[in-house]
file my_file_5.cif (mmCIF, C-alpha atoms, pLDDT in the B column; chains and numbers go by the auth columns)
data_entry
#
loop_
_atom_site.group_PDB
_atom_site.id
_atom_site.type_symbol
_atom_site.label_atom_id
_atom_site.label_comp_id
_atom_site.label_asym_id
_atom_site.label_seq_id
_atom_site.Cartn_x
_atom_site.Cartn_y
_atom_site.Cartn_z
_atom_site.B_iso_or_equiv
_atom_site.auth_seq_id
_atom_site.auth_asym_id
ATOM 1 C CA MET A 1 -4.729 -13.727 -62.224 77.00 239 A
ATOM 2 C CA THR A 2 -8.426 -13.533 -61.715 87.00 240 A
ATOM 3 C CA LEU A 3 -10.429 -15.669 -59.348 86.00 241 A
ATOM 4 C CA GLU A 4 -11.963 -17.659 -62.203 88.00 242 A
ATOM 5 C CA THR A 5 -8.650 -18.848 -63.567 92.00 243 A
ATOM 6 C CA TYR A 6 -7.505 -19.584 -60.012 92.00 244 A
ATOM 7 C CA PHE A 7 -10.497 -21.853 -59.509 91.00 245 A
ATOM 8 C CA ASP A 8 -10.029 -23.489 -62.892 92.00 246 A
ATOM 9 C CA TYR A 9 -6.298 -24.125 -62.778 93.00 247 A
ATOM 10 C CA PHE A 10 -5.594 -24.615 -59.080 92.00 248 A
ATOM 11 C CA ILE A 11 -8.573 -25.625 -56.928 92.00 249 A
ATOM 12 C CA LEU A 12 -10.327 -28.014 -59.305 93.00 250 A
ATOM 13 C CA PRO A 13 -7.122 -29.947 -60.218 94.00 251 A
ATOM 14 C CA ILE A 14 -6.312 -30.409 -56.521 94.00 252 A
ATOM 15 C CA LEU A 15 -9.792 -31.818 -55.901 94.00 253 A
ATOM 16 C CA THR A 16 -9.502 -34.084 -58.935 95.00 254 A
ATOM 17 C CA ILE A 17 -6.156 -35.456 -57.761 95.00 255 A
ATOM 18 C CA SER A 18 -7.733 -36.081 -54.355 94.00 256 A
ATOM 19 C CA VAL A 19 -10.530 -38.110 -55.925 94.00 257 A
ATOM 20 C CA ILE A 20 -7.979 -40.157 -57.855 95.00 258 A
ATOM 21 C CA LEU A 21 -5.962 -40.897 -54.699 93.00 259 A
ATOM 22 C CA VAL A 22 -9.073 -42.001 -52.812 93.00 260 A
ATOM 23 C CA PHE A 23 -10.094 -44.133 -55.775 94.00 261 A
ATOM 24 C CA ILE A 24 -6.830 -46.073 -55.499 93.00 262 A
ATOM 25 C CA ARG A 25 -7.773 -46.913 -51.923 91.00 263 A
ATOM 26 C CA LEU A 26 -11.265 -47.861 -53.078 92.00 264 A
ATOM 27 C CA ILE A 27 -9.790 -50.361 -55.507 92.00 265 A
ATOM 28 C CA LYS A 28 -7.113 -51.949 -53.331 87.00 266 A
ATOM 29 C CA GLY A 29 -8.611 -51.641 -49.841 76.00 267 A
ATOM 30 C CA PRO A 30 -8.025 -54.912 -48.019 83.00 268 A
ATOM 31 C CA LYS A 31 -11.365 -55.007 -46.201 83.00 269 A
ATOM 32 C CA VAL A 32 -14.870 -53.937 -47.066 86.00 270 A
ATOM 33 C CA VAL A 33 -14.861 -51.209 -44.406 87.00 271 A
ATOM 34 C CA ASP A 34 -11.937 -49.505 -46.135 90.00 272 A
ATOM 35 C CA ARG A 35 -13.975 -49.381 -49.310 90.00 273 A
ATOM 36 C CA VAL A 36 -16.971 -47.982 -47.477 89.00 274 A
ATOM 37 C CA ILE A 37 -15.050 -45.061 -46.003 89.00 275 A
ATOM 38 C CA ALA A 38 -13.320 -44.461 -49.336 91.00 276 A
ATOM 39 C CA LEU A 39 -16.703 -44.217 -51.051 90.00 277 A
ATOM 40 C CA ASP A 40 -17.913 -41.915 -48.302 89.00 278 A
ATOM 41 C CA LEU A 41 -14.909 -39.647 -48.790 91.00 279 A
ATOM 42 C CA ILE A 42 -15.383 -39.629 -52.570 92.00 280 A
ATOM 43 C CA ILE A 43 -18.944 -38.403 -52.151 91.00 281 A
ATOM 44 C CA THR A 44 -17.790 -35.751 -49.656 91.00 282 A
ATOM 45 C CA ILE A 45 -15.160 -34.486 -52.112 92.00 283 A
ATOM 46 C CA GLY A 46 -17.881 -34.548 -54.768 92.00 284 A
ATOM 47 C CA ILE A 47 -19.844 -32.065 -52.683 92.00 285 A
ATOM 48 C CA GLY A 48 -16.811 -29.771 -52.758 92.00 286 A
ATOM 49 C CA ILE A 49 -16.433 -30.138 -56.519 93.00 287 A
ATOM 50 C CA ILE A 50 -20.123 -29.343 -57.004 93.00 288 A
ATOM 51 C CA THR A 51 -19.677 -26.231 -54.870 92.00 289 A
ATOM 52 C CA ILE A 52 -16.754 -24.976 -56.953 93.00 290 A
ATOM 53 C CA PHE A 53 -18.653 -25.763 -60.123 93.00 291 A
ATOM 54 C CA THR A 54 -21.609 -23.809 -58.769 92.00 292 A
ATOM 55 C CA ILE A 55 -19.365 -20.799 -58.322 91.00 293 A
ATOM 56 C CA ARG A 56 -17.806 -21.140 -61.772 92.00 294 A
ATOM 57 C CA SER A 57 -20.967 -21.755 -63.754 92.00 295 A
ATOM 58 C CA ASN A 58 -23.063 -19.261 -61.771 90.00 296 A
ATOM 59 C CA GLN A 59 -25.927 -21.734 -61.387 88.00 297 A
ATOM 60 C CA LYS A 60 -27.245 -21.678 -57.843 87.00 298 A
ATOM 61 C CA VAL A 61 -29.572 -24.615 -58.431 90.00 299 A
ATOM 62 C CA LEU A 62 -26.680 -27.078 -58.356 90.00 300 A
ATOM 63 C CA LEU A 63 -26.358 -26.729 -54.592 91.00 301 A
ATOM 64 C CA ASP A 64 -29.530 -28.802 -54.218 91.00 302 A
ATOM 65 C CA VAL A 65 -27.634 -31.756 -55.663 91.00 303 A
ATOM 66 C CA ALA A 66 -24.992 -31.243 -52.969 90.00 304 A
ATOM 67 C CA ILE A 67 -27.681 -31.471 -50.279 90.00 305 A
ATOM 68 C CA MET A 68 -28.914 -34.724 -51.815 89.00 306 A
ATOM 69 C CA LEU A 69 -25.403 -36.188 -51.900 88.00 307 A
ATOM 70 C CA ALA A 70 -24.752 -35.264 -48.264 87.00 308 A
ATOM 71 C CA LEU A 71 -27.927 -37.101 -47.251 86.00 309 A
ATOM 72 C CA ILE A 72 -27.228 -40.211 -49.303 86.00 310 A
ATOM 73 C CA ALA A 73 -23.584 -40.590 -48.191 83.00 311 A
ATOM 74 C CA PHE A 74 -24.566 -40.637 -44.527 83.00 312 A
ATOM 75 C CA LEU A 75 -27.377 -43.117 -45.130 87.00 313 A
ATOM 76 C CA GLY A 76 -25.126 -45.459 -47.073 85.00 314 A
ATOM 77 C CA THR A 77 -22.458 -45.674 -44.380 86.00 315 A
ATOM 78 C CA VAL A 78 -24.953 -46.145 -41.563 87.00 316 A
ATOM 79 C CA ALA A 79 -26.891 -48.761 -43.499 88.00 317 A
ATOM 80 C CA PHE A 80 -23.743 -50.733 -44.166 87.00 318 A
ATOM 81 C CA SER A 81 -22.637 -50.808 -40.537 84.00 319 A
ATOM 82 C CA PHE A 82 -26.138 -51.667 -39.347 83.00 320 A
ATOM 83 C CA TYR A 83 -26.361 -54.531 -41.823 84.00 321 A
ATOM 84 C CA ASN A 84 -22.958 -55.752 -40.732 77.00 322 A
ATOM 85 C CA ARG A 85 -24.024 -55.877 -37.101 71.00 323 A
ATOM 86 C CA LYS A 86 -27.192 -57.760 -37.972 73.00 324 A
ATOM 87 C CA LYS A 87 -25.280 -60.271 -40.033 70.00 325 A
ATOM 88 C CA ARG A 88 -22.900 -61.168 -37.235 57.00 326 A
ATOM 89 C CA ARG A 89 -25.700 -61.785 -34.797 55.00 327 A
ATOM 90 C CA MET B 1 -10.051 -7.486 -51.286 85.00 706 B
ATOM 91 C CA ILE B 2 -12.834 -10.005 -51.113 89.00 707 B
ATOM 92 C CA ASP B 3 -11.199 -11.935 -53.940 90.00 708 B
ATOM 93 C CA ILE B 4 -8.102 -12.433 -51.822 92.00 709 B
ATOM 94 C CA LEU B 5 -10.212 -13.641 -48.905 93.00 710 B
ATOM 95 C CA ILE B 6 -12.018 -16.125 -51.123 93.00 711 B
ATOM 96 C CA ALA B 7 -8.743 -17.326 -52.638 93.00 712 B
ATOM 97 C CA ILE B 8 -7.243 -17.939 -49.182 94.00 713 B
ATOM 98 C CA LEU B 9 -10.325 -19.762 -47.900 93.00 714 B
ATOM 99 C CA SER B 10 -10.649 -21.995 -50.957 92.00 715 B
ATOM 100 C CA THR B 11 -6.933 -22.793 -50.892 94.00 716 B
ATOM 101 C CA ILE B 12 -7.109 -23.923 -47.266 94.00 717 B
ATOM 102 C CA GLY B 13 -10.204 -25.970 -48.027 93.00 718 B
ATOM 103 C CA ALA B 14 -8.713 -27.650 -51.079 93.00 719 B
ATOM 104 C CA PHE B 15 -5.523 -28.515 -49.207 93.00 720 B
ATOM 105 C CA ALA B 16 -7.515 -29.964 -46.306 93.00 721 B
ATOM 106 C CA ILE B 17 -9.321 -32.250 -48.745 94.00 722 B
ATOM 107 C CA PHE B 18 -6.036 -33.125 -50.439 94.00 723 B
ATOM 108 C CA PHE B 19 -4.387 -34.066 -47.146 93.00 724 B
ATOM 109 C CA ALA B 20 -7.413 -36.178 -46.244 92.00 725 B
ATOM 110 C CA SER B 21 -7.119 -38.129 -49.480 92.00 726 B
ATOM 111 C CA LEU B 22 -3.358 -38.466 -49.018 92.00 727 B
ATOM 112 C CA GLY B 23 -4.000 -39.796 -45.531 91.00 728 B
ATOM 113 C CA ILE B 24 -6.558 -42.340 -46.645 91.00 729 B
ATOM 114 C CA LEU B 25 -4.042 -43.641 -49.154 90.00 730 B
ATOM 115 C CA ARG B 26 -0.931 -43.665 -46.939 89.00 731 B
ATOM 116 C CA MET B 27 -2.089 -44.432 -43.406 87.00 732 B
ATOM 117 C CA PRO B 28 -1.187 -47.972 -42.311 88.00 733 B
ATOM 118 C CA ASP B 29 -4.425 -48.974 -40.621 87.00 734 B
ATOM 119 C CA PHE B 30 -8.177 -48.779 -41.034 88.00 735 B
ATOM 120 C CA TYR B 31 -8.737 -46.847 -37.815 89.00 736 B
ATOM 121 C CA LEU B 32 -6.052 -44.279 -38.605 89.00 737 B
ATOM 122 C CA ARG B 33 -7.566 -43.824 -42.057 89.00 738 B
ATOM 123 C CA LEU B 34 -10.967 -43.275 -40.491 89.00 739 B
ATOM 124 C CA SER B 35 -9.607 -40.661 -38.111 89.00 740 B
ATOM 125 C CA VAL B 36 -7.995 -38.770 -40.991 88.00 741 B
ATOM 126 C CA THR B 37 -10.956 -38.654 -43.333 86.00 742 B
ATOM 127 C CA VAL B 38 -13.734 -37.320 -41.159 84.00 743 B
ATOM 128 C CA LYS B 39 -12.032 -34.283 -39.699 81.00 744 B
ATOM 129 C CA ALA B 40 -10.183 -33.006 -42.745 78.00 745 B
ATOM 130 C CA ALA B 41 -12.954 -33.593 -45.275 78.00 746 B
ATOM 131 C CA THR B 42 -15.545 -31.887 -43.112 86.00 747 B
ATOM 132 C CA MET B 43 -13.327 -28.827 -42.667 90.00 748 B
ATOM 133 C CA GLY B 44 -12.419 -28.675 -46.352 91.00 749 B
ATOM 134 C CA VAL B 45 -15.952 -28.917 -47.667 92.00 750 B
ATOM 135 C CA GLY B 46 -17.111 -26.444 -45.030 92.00 751 B
ATOM 136 C CA LEU B 47 -14.581 -23.862 -46.174 93.00 752 B
ATOM 137 C CA LEU B 48 -15.475 -24.355 -49.859 93.00 753 B
ATOM 138 C CA LEU B 49 -19.148 -23.879 -49.013 93.00 754 B
ATOM 139 C CA LEU B 50 -18.240 -20.752 -47.081 93.00 755 B
ATOM 140 C CA CYS B 51 -16.588 -19.429 -50.263 92.00 756 B
ATOM 141 C CA ALA B 52 -19.805 -20.032 -52.187 92.00 757 B
ATOM 142 C CA ALA B 53 -21.815 -18.287 -49.483 92.00 758 B
ATOM 143 C CA ILE B 54 -19.540 -15.246 -49.662 92.00 759 B
ATOM 144 C CA ILE B 55 -19.482 -15.023 -53.473 92.00 760 B
ATOM 145 C CA PHE B 56 -23.225 -15.185 -54.132 90.00 761 B
ATOM 146 C CA PRO B 57 -24.965 -12.188 -52.553 88.00 762 B
ATOM 147 C CA ASP B 58 -28.133 -14.180 -52.096 87.00 763 B
ATOM 148 C CA ILE B 59 -29.760 -15.564 -49.018 91.00 764 B
ATOM 149 C CA SER B 60 -30.856 -18.835 -50.607 91.00 765 B
ATOM 150 C CA VAL B 61 -27.267 -19.854 -51.366 91.00 766 B
ATOM 151 C CA SER B 62 -26.174 -18.937 -47.841 92.00 767 B
ATOM 152 C CA THR B 63 -28.987 -21.008 -46.373 92.00 768 B
ATOM 153 C CA LYS B 64 -28.150 -24.013 -48.509 91.00 769 B
ATOM 154 C CA ALA B 65 -24.447 -23.763 -47.696 91.00 770 B
ATOM 155 C CA LEU B 66 -25.236 -23.508 -44.001 92.00 771 B
ATOM 156 C CA ALA B 67 -27.576 -26.494 -44.246 91.00 772 B
ATOM 157 C CA ILE B 68 -24.971 -28.674 -45.967 91.00 773 B
ATOM 158 C CA THR B 69 -22.244 -27.685 -43.478 91.00 774 B
ATOM 159 C CA PHE B 70 -24.521 -28.305 -40.515 91.00 775 B
ATOM 160 C CA PHE B 71 -25.573 -31.650 -41.893 89.00 776 B
ATOM 161 C CA LEU B 72 -22.003 -32.765 -42.536 88.00 777 B
ATOM 162 C CA ILE B 73 -20.845 -31.703 -39.071 89.00 778 B
ATOM 163 C CA ILE B 74 -23.780 -33.491 -37.428 89.00 779 B
ATOM 164 C CA THR B 75 -23.746 -36.728 -39.387 88.00 780 B
ATOM 165 C CA SER B 76 -20.117 -37.575 -40.172 88.00 781 B
ATOM 166 C CA PRO B 77 -19.063 -38.341 -36.542 88.00 782 B
ATOM 167 C CA ILE B 78 -22.083 -40.615 -36.187 89.00 783 B
ATOM 168 C CA ALA B 79 -21.230 -42.449 -39.386 88.00 784 B
ATOM 169 C CA ALA B 80 -17.574 -42.731 -38.332 89.00 785 B
ATOM 170 C CA HIS B 81 -18.563 -44.103 -34.946 89.00 786 B
ATOM 171 C CA MET B 82 -20.862 -46.717 -36.432 89.00 787 B
ATOM 172 C CA ILE B 83 -18.423 -47.854 -39.107 89.00 788 B
ATOM 173 C CA GLY B 84 -15.571 -48.054 -36.602 88.00 789 B
ATOM 174 C CA ARG B 85 -17.679 -50.145 -34.255 86.00 790 B
ATOM 175 C CA ALA B 86 -18.741 -52.463 -37.061 86.00 791 B
ATOM 176 C CA ALA B 87 -15.115 -52.766 -38.175 86.00 792 B
ATOM 177 C CA TYR B 88 -13.993 -53.733 -34.681 84.00 793 B
ATOM 178 C CA PHE B 89 -16.692 -56.383 -34.417 81.00 794 B
ATOM 179 C CA THR B 90 -15.845 -57.930 -37.756 81.00 795 B
ATOM 180 C CA GLY B 91 -12.226 -58.315 -36.686 79.00 796 B
ATOM 181 C CA THR B 92 -10.377 -55.661 -38.649 81.00 797 B
ATOM 182 C CA PRO B 93 -6.776 -55.838 -37.399 83.00 798 B
ATOM 183 C CA LEU B 94 -4.984 -52.886 -35.868 83.00 799 B
ATOM 184 C CA TRP B 95 -1.596 -51.665 -37.029 83.00 800 B
ATOM 185 C CA LYS B 96 1.327 -53.800 -35.913 83.00 801 B
ATOM 186 C CA ASN B 97 3.009 -50.994 -33.956 82.00 802 B
ATOM 187 C CA THR B 98 -0.108 -50.223 -31.945 80.00 803 B
ATOM 188 C CA ILE B 99 0.929 -49.960 -28.298 82.00 804 B
ATOM 189 C CA ILE B 100 -2.278 -50.962 -26.541 80.00 805 B
ATOM 190 C CA ASP B 101 -5.697 -52.225 -27.559 78.00 806 B
ATOM 191 C CA GLU B 102 -7.852 -51.280 -24.621 76.00 807 B
ATOM 192 C CA LEU B 103 -10.970 -52.875 -26.047 75.00 808 B
ATOM 193 C CA ALA B 104 -9.412 -56.343 -26.291 74.00 809 B
ATOM 194 C CA GLY B 105 -11.672 -58.803 -24.541 71.00 810 B
ATOM 195 C CA MET B 106 -13.977 -56.110 -23.191 70.00 811 B
ATOM 196 C CA TYR B 107 -16.754 -56.656 -25.700 69.00 812 B
ATOM 197 C CA ASP B 108 -19.254 -59.416 -25.329 68.00 813 B
ATOM 198 C CA LYS B 109 -19.161 -61.158 -28.676 65.00 814 B
ATOM 199 C CA GLU B 110 -22.742 -62.386 -28.397 64.00 815 B
ATOM 200 C CA ASN B 111 -24.813 -59.310 -27.741 64.00 816 B
ATOM 201 C CA HIS B 112 -22.230 -56.569 -28.517 66.00 817 B
ATOM 202 C CA ARG B 113 -22.355 -55.024 -25.074 69.00 818 B
ATOM 203 C CA LEU B 114 -19.431 -53.389 -23.366 70.00 819 B
ATOM 204 C CA ARG B 115 -18.683 -55.268 -20.157 69.00 820 B
ATOM 205 C CA ASN B 116 -18.349 -53.651 -16.801 64.00 821 B
ATOM 206 C CA SER B 117 -14.769 -53.447 -15.594 60.00 822 B
ATOM 207 C CA ASP B 118 -15.658 -55.046 -12.242 61.00 823 B
ATOM 208 C CA GLU B 119 -16.919 -58.274 -13.726 61.00 824 B
ATOM 209 C CA MET B 120 -14.006 -58.496 -16.106 59.00 825 B
ATOM 210 C CA PRO B 121 -11.855 -61.579 -16.198 57.00 826 B
ATOM 211 C CA GLU B 122 -8.166 -60.858 -16.410 54.00 827 B
ATOM 212 C CA PRO B 123 -7.548 -59.394 -19.856 52.00 828 B
ATOM 213 C CA GLN B 124 -4.345 -61.190 -20.735 52.00 829 B
ATOM 214 C CA GLY B 125 -6.222 -64.381 -21.526 50.00 830 B
ATOM 215 C CA GLU B 126 -7.886 -62.854 -24.556 54.00 831 B
ATOM 216 C CA GLU B 127 -6.041 -62.289 -27.782 62.00 832 B
ATOM 217 C CA ASP B 128 -6.015 -58.754 -29.156 68.00 833 B
ATOM 218 C CA GLN B 129 -6.604 -57.635 -32.702 73.00 834 B
ATOM 219 C CA ILE B 130 -3.200 -56.066 -33.279 75.00 835 B
ATOM 220 C CA ALA B 131 -1.761 -57.354 -36.511 74.00 836 B
ATOM 221 C CA ASP B 132 1.481 -59.264 -36.587 72.00 837 B
ATOM 222 C CA THR B 133 2.746 -58.162 -39.978 73.00 838 B
ATOM 223 C CA GLU B 134 2.514 -55.000 -42.024 70.00 839 B
ATOM 224 C CA GLU B 135 0.752 -56.768 -44.879 69.00 840 B
ATOM 225 C CA GLU B 136 -2.413 -57.535 -42.919 68.00 841 B
ATOM 226 C CA THR B 137 -3.535 -53.932 -42.681 69.00 842 B
ATOM 227 C CA LYS B 138 -1.935 -52.403 -45.732 70.00 843 B
#
call {"tool": "encode", "arguments": {"input": "my_file_5.cif", "output": "structure tokens"}}
result
Amino acid sequence: MTLETYFDYFILPILTISVILVFIRLIKGPKVVDRVIALDLIITIGIGIITIFTIRSNQKVLLDVAIMLALIAFLGTVAFSFYNRKKRR
Amino acid sequence: MIDILIAILSTIGAFAIFFASLGILRMPDFYLRLSVTVKAATMGVGLLLLCAAIIFPDISVSTKALAITFFLIITSPIAAHMIGRAAYFTGTPLWKNTIIDELAGMYDKENHRLRNSDEMPEPQGEEDQIADTEEETK
């Protein structure tokens, strides 16, 4: 079993199942804050999937997209909580 | 040899992410879900990025992987702190088997300051945010 088939048939399916499980929470989450952290976790898992896909497709350029996603996920969560504080005031 | 190392690292990383997603689905409370996600997802993505940095013998990939890991480790506790604070202010209930809610009545609802413990009134007058039934937090 080479490393490529290991990535294709073991690591990527685990990450895909993880995204599906978090997506269930994103749909049914009782409050808005649950949905926000679910979306945050989906983007974080997306960074991992992009990393594995970078290894498999041998394209180093794709890591730039991961940097972008890391930036945007943090900004989204912070902006939501800041807006929520302002709204209550 | 290095293939085995990469396989072990990526397996640990993928399982950390999987347990984080299992936790966010199964945990009974918003705050417990928050505590699960940040730690496990940061560790998992960090290990996967470490795999990429080992595989590509190139300094640009190592720098990018280090930058992403550093950024995740710096920013995710800040985001978790802010979202937890906002959730407590908006009245997200705690799990029904929570033993103590030490923040109950300590926050000033008007200006969101934490009160000093000397000028506290007695805390049993305030109601806490612990939920009464399982369905409120599920």
call {"tool": "closest_residue", "arguments": {"input": "my_file_5.cif", "among": "A:Leu259, A:Ile252, A:Ile280, A:Val274", "to": "Ala317 in chain A", "atoms": "all atoms listed in the file"}}
result
A:Val274
call {"tool": "closest_residue", "arguments": {"input": "my_file_5.cif", "among": "B:Thr838, B:Ala721, B:Met787, B:Ala745", "to": "chain A", "atoms": "all atoms listed in the file"}}
result
B:Met787
call {"tool": "closest_atom_pairs", "arguments": {"input": "my_file_5.cif", "of": "chain B", "to": "chain A", "cutoff": "6 Å", "atoms": "all atoms listed in the file", "output": "JSON lines"}}
result
{"residue": "B:Phe723", "atom": "CA", "partner": "A:Ser256", "partner_atom": "CA", "distance": 5.2}
{"residue": "B:Ser726", "atom": "CA", "partner": "A:Ser256", "partner_atom": "CA", "distance": 5.3}
{"residue": "B:Leu730", "atom": "CA", "partner": "A:Arg263", "partner_atom": "CA", "distance": 5.7}
{"residue": "B:Val750", "atom": "CA", "partner": "A:Gly286", "partner_atom": "CA", "distance": 5.2}
{"residue": "B:Ile773", "atom": "CA", "partner": "A:Ile305", "partner_atom": "CA", "distance": 5.8}
{"residue": "B:Ala784", "atom": "CA", "partner": "A:Val316", "partner_atom": "CA", "distance": 5.7}
{"residue": "B:Ile788", "atom": "CA", "partner": "A:Ser319", "partner_atom": "CA", "distance": 5.3}
{"residue": "B:Ala791", "atom": "CA", "partner": "A:Ser319", "partner_atom": "CA", "distance": 5.5}
call {"tool": "closest_residue", "arguments": {"input": "my_file_5.cif", "among": "B:Ala772, B:Gly751, B:Ala785, B:Thr716", "to": "Tyr247 in chain A", "atoms": "only C-alpha atoms"}}
result
B:Thr716
call {"tool": "atom_distance", "arguments": {"input": "my_file_5.cif", "atom1": "CA of Ala725 in chain B", "atom2": "CA of Thr742 in chain B"}}
result
5.2 Å
call {"tool": "atom_distance", "arguments": {"input": "my_file_5.cif", "atom1": "CA of Trp800 in chain B", "atom2": "CA of Pro733 in chain B"}}
result
6.5 Å
call {"tool": "atom_distance", "arguments": {"input": "my_file_5.cif", "atom1": "CA of Leu819 in chain B", "atom2": "CA of His786 in chain B"}}
result
14.9 Å
call {"tool": "residues_around", "arguments": {"input": "my_file_5.cif", "residues": "Asn802 in chain B", "least_positions_apart": "4", "cutoff": "9 Å", "atoms": "only C-alpha atoms", "output": "list of chain:residue names"}}
result
B:Ile835, B:Ala836, B:Asp837
call {"tool": "write_last_selection", "arguments": {"input": "my_file_5.cif", "atoms": "C-alpha atoms", "output": "JSON list (two decimals), in the coordinates of the input"}}
result
[["chain", "number", "residue", "atom", "x", "y", "z"],
["B", 835, "ILE", "CA", -3.20, -56.07, -33.28],
["B", 836, "ALA", "CA", -1.76, -57.35, -36.51],
["B", 837, "ASP", "CA", 1.48, -59.26, -36.59]]
call {"tool": "residues_around", "arguments": {"input": "my_file_5.cif", "residues": "Pro798 in chain B", "least_positions_apart": "2", "cutoff": "10 Å", "atoms": "all atoms listed in the file", "output": "JSON, numbers by chain"}}
result
{"A": [269], "B": [734, 735, 736, 792, 793, 795, 796, 800, 801, 833, 834, 835, 836, 837, 841, 842]}
call {"tool": "write_last_selection", "arguments": {"input": "my_file_5.cif", "atoms": "C-alpha atoms", "output": "PDB file, in the frame of the given file"}}
result
ATOM      1  CA  LYS A 269     -11.365 -55.007 -46.201  1.00 83.00           C
TER       2      LYS A 269
ATOM      3  CA  ASP B 734      -4.425 -48.974 -40.621  1.00 87.00           C
ATOM      4  CA  PHE B 735      -8.177 -48.779 -41.034  1.00 88.00           C
ATOM      5  CA  TYR B 736      -8.737 -46.847 -37.815  1.00 89.00           C
ATOM      6  CA  ALA B 792     -15.115 -52.766 -38.175  1.00 86.00           C
ATOM      7  CA  TYR B 793     -13.993 -53.733 -34.681  1.00 84.00           C
ATOM      8  CA  THR B 795     -15.845 -57.930 -37.756  1.00 81.00           C
ATOM      9  CA  GLY B 796     -12.226 -58.315 -36.686  1.00 79.00           C
ATOM     10  CA  TRP B 800      -1.596 -51.665 -37.029  1.00 83.00           C
ATOM     11  CA  LYS B 801       1.327 -53.800 -35.913  1.00 83.00           C
ATOM     12  CA  ASP B 833      -6.015 -58.754 -29.156  1.00 68.00           C
ATOM     13  CA  GLN B 834      -6.604 -57.635 -32.702  1.00 73.00           C
ATOM     14  CA  ILE B 835      -3.200 -56.066 -33.279  1.00 75.00           C
ATOM     15  CA  ALA B 836      -1.761 -57.354 -36.511  1.00 74.00           C
ATOM     16  CA  ASP B 837       1.481 -59.264 -36.587  1.00 72.00           C
ATOM     17  CA  GLU B 841      -2.413 -57.535 -42.919  1.00 68.00           C
ATOM     18  CA  THR B 842      -3.535 -53.932 -42.681  1.00 69.00           C
TER      19      THR B 842
END
